[in-house]
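Trainee: Right, I'll just put the structure down here and ask away after.
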Amino acid sequence: MRAVVMAGGEGTRLRPMTANQPKPLLPVVNRPIMEHVLRLLKRHGFDETVVTVQFLASLVRTYFGDGDELGMHLSYATEETPLGTAGSVKNAESALRDDSFVVISGDALTDIDLTALVAAHRERQALVTVCLTRVVDPLEFGIVITDEEQRIERFLEKPTWGQVFSDTVNTGIYVMEPEVFRSVAAGRSVDWSADVFPELLRQGAPVYGYVADGYWEDVGTHESYLKAQADVLNRHVDVEVEGFEVSPGVWVGEGAEVDPDALVQGPVCIGPYAKVEAGAMLGENTVIGANVVVKGGAVLQRAVVHDNVFVGSRVSLRGCVIGKNTDVMRAARVEEGAVVGDECVVEEEAYLSSGVKVYPFKTIEAGAIVHTSVIWESRGTSALFGPRGVSGLVNVEITPEFVVRLASAYATTLKKGSVVTTSRDASRAARALKRAVIAALTASAIDVEDLEVAPLPVHRFATETSHASGGIVLRTTPGDPQSIDIVFLDEHGGDLPQAARRRLERVFSRQEFRRAFPGEIAELSFPARTTDVYTQELLRAVDTRGVAEAGLKVVLDTAGGAAALVLPSLLGRIGVDVLTVNNRLDETSTTETQADHRRAMERLGGLVSSSRAAFGVRFDHVGERLSLVDERGALVHDDRALLVLLDLVAAERRGGRIALPVTTTRVAEQVTRFHGTEIAWTSTSPDDLTTCAGEPGVVFAGDGRGGFVIPEFARSIDGVAAFVRLLGLVARTRLTLSQIDARIPAAHVVRRSVPTPWAVKGSVMRAVVEAAHGREVDTTDGVRVVEPDGSWVLVLPDPAEAVTHLWAEAATAPLAAALLGDWSAVLADAAS
């Protein structure tokens, strides 16, 4: 006997889960509903099965193939247009003419005894036997009434309560004889319950009912979809659960990793190769699919998470469904009954209230509060570039496929035959993704000069001096070892200008990539002596007079980063006594948290004080920024380090301009005024700072975050050049860093970030300007309001996240904190 599985339904009530996949492929406990149906058929001896398909038919055929993996033989009958439940089976008539056959829905979960159903059919010599079950609420089903011999007397499709005459409903499972096809018109939309069965009853045909005792759930709504998951986990239905039952009610798939410090409260199903980190909590009736990552602090209760989903730290998922390939970022919340479709991004601290439906390929912005479904538009920013280039989680947001498209878009903005330089930090992720970058560039007729692992300042220098058209750097995101930054450089080695970024974003969004003909595939080369040339030019440009005579001793910590590649050559030519630590590449430690950095600086301070060195320097992992320790071993915080170098440069130059971002303390004005120099205020954008540093008359620039520009050498931020400049200044001034710091007045600057949804950022800034009425206002970057006593507050919307940043400075720390609190209240009122 053969079986027919009807798998052509669209499942419109289950959207957005069925927006881009047919309902039979929806997973129930990590297996498609239809796979559970096919396994049931296999258990009851139905090896030969015909599958009727219509909506997204190719997806069903591709997933199940010929059925060999299930030990079955599957064939397919495709409907060009919807033919109804009976018409679809009629479409497969040629395969069903020889014997009785079973018809079953491919999108209902059941463990009904099909063998007993067939036996009852044959015993009664029926033309059709309809499998029935009893339900609490029959309104959504076809009601059937039978006589004492179980012969069907009446059908009624989806009645009102006034029409309910039984709780016995049609399951959509039938046993039929081939003669039934005489009552089904070919090529037309025909339904069994509405058209065929009533006509057979009028003809007096033997149509019987069979009331089954097994489990049956028509998975037709989001509520029933969640119920089906829970019923499988609680063993209310006899279906096979994939994985090993490691403890009662806890199934773990092959290759999955569950940290011992994760809290798992069964029944729970964890898919193959999923990863649940320490501190995560999986509550009862939760299902997570294959390759899902659940970060520490996340809480999942009665949640169904499909394959390849990233669940960030402190995320809360309760009674919801998350579609495949979706990223739910840090501290986001998704409430009961909400459904997020495939390939979506729910950004940090976003909130989806109960019942919200988010359709596939949408982005919910950080901090957004969503009460209505998102069908057509995204609730988020579409900006590709952030403050550090293109950034994201490795193999979540930044995948090899994404990198290939991004590099292809960049190549498309350049002329064929152009040269692009590439480099990376020491991390494995950057190494793997740089290979994707190189492949995409050369396939787009762009020659690549690969510097392999190189300090970022060296890469910038090489890009400009080699006359390349640009460069691409891959580096671990500072402070986040699981994320990566892709930094694009222009022909001068600076960050890609805004206009070029917009052009790249347009090409990327349109996916209009240029490809080279086979003869145009470009070359990959590895330039020699790049570091030596950089060192020579640096020592030629930066004043190191007096260093050799001063007999300075310094301690350097390269943090296992790329600076270790340039310092040996550099230090050998300067002639300074140096103690170096961590002076080798470390691919397992390519960034550090604030706590890690603090401990490293304490160790550096201990070495400086015990060795009686003049000062200590710790470079970041790409050699771009540095942190200082004075001769006593005390940390010189970044904002004070800026003032110290500013004082040294201004005292020596006695003229010129110094470029600083508007967030810098106004103590800098006192220092420069004392030494006869001026300040050129810039926005907080690194591009603006480096552009200003390249203007005539600018002698120094710094960003207050450990980044310094030495204009006589290059206009980009360069930690190695800043170290060489500092050596010369300290050698000639004959003062210690602590003495220089002590002569600079104290500064009291405080900072806070306030969540601000994208939709209200404009109105918030308008409210700030209105609240500043009568005060001095500076709009170099954001809105800086100057109070009559000289204290000030800066309000600056973040260009990439749904937050607004505030800085405040006053004569004392309590006054600065009070000023910050007052303006934070202005923002909160405007955003509410």
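Just remember, in the structure tokens the first chain shown is A, the second B, etc., residues are 1-based per chain, and ligands are 1-based in the order shown.
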What's around Glu678 (chain A) at 7 Å? Count only C-alpha atoms, leave out sequence neighbours fewer than 2 positions away in its own chain, and write the answer as a PDB file with C-alpha atoms, in the first residue's frame.
Mentor:
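Here's the written file result-v9.pdb:
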```
ATOM      1  CA  GLY A 656      51.663  76.503  15.749  1.00  0.00           C
ATOM      2  CA  ARG A 657      48.331  74.789  16.208  1.00  0.00           C
ATOM      3  CA  ILE A 658      47.318  71.606  17.994  1.00  0.00           C
ATOM      4  CA  THR A 672      48.502  75.888  24.977  1.00  0.00           C
ATOM      5  CA  ARG A 673      47.882  79.518  25.864  1.00  0.00           C
ATOM      6  CA  GLY A 676      51.925  80.404  22.902  1.00  0.00           C
ATOM      7  CA  ALA A 680      42.149  73.723  16.341  1.00  0.00           C
TER       8      ALA A 680
END
```
Trainee: Tell me, as a list in words, which residues lie within 12 Å of Gly782 (chain A), counting only C-alpha atoms; anything in the same chain fewer than 4 positions away does not count.
Mentor: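 In the requested format, the answer is Pro661, Val662, Thr663, Thr682, Ser683, Thr684, Ser685, Lys761, Gly762, Val764, Met765, Arg766, Val768, Val769, Val777, Asp778, Val793, Leu794, Val795, Leu796, Pro797, Asp798, Pro799, Thr804, His805, Leu806 and Trp807 of chain A.
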Trainee: Taking only region 308-510 of chain A into account, list the residues labelled helix (DSSP H, G or I) by DSSP (computed from the backbone), as a ChimeraX atom specification.
Mentor: /A:400-412,428-443,456-465,498-510
Trainee: Any idea what's packed within 7 Å of region 43-60 of chain A, counting only C-alpha atoms, ignoring anything in its chain fewer than 5 positions away? Could you give it as a PyMOL selection string?
Mentor: chain A and resi 1-10+21-22+72-80+82+88-89+114-115
Trainee: Between CA of Arg314 (chain A) and CA of Arg475 (chain A), what is the distance in Å, rounded to a tenth?
Mentor: 25.9 Å
Trainee: Calculate how many Å separate CA of Lys23 (chain A) from CA of Leu226 (chain A), rounding to one decimal.
Mentor: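 One can read the CA of Lys23 (chain A) to CA of Leu226 (chain A) distance as 14.2 Å.
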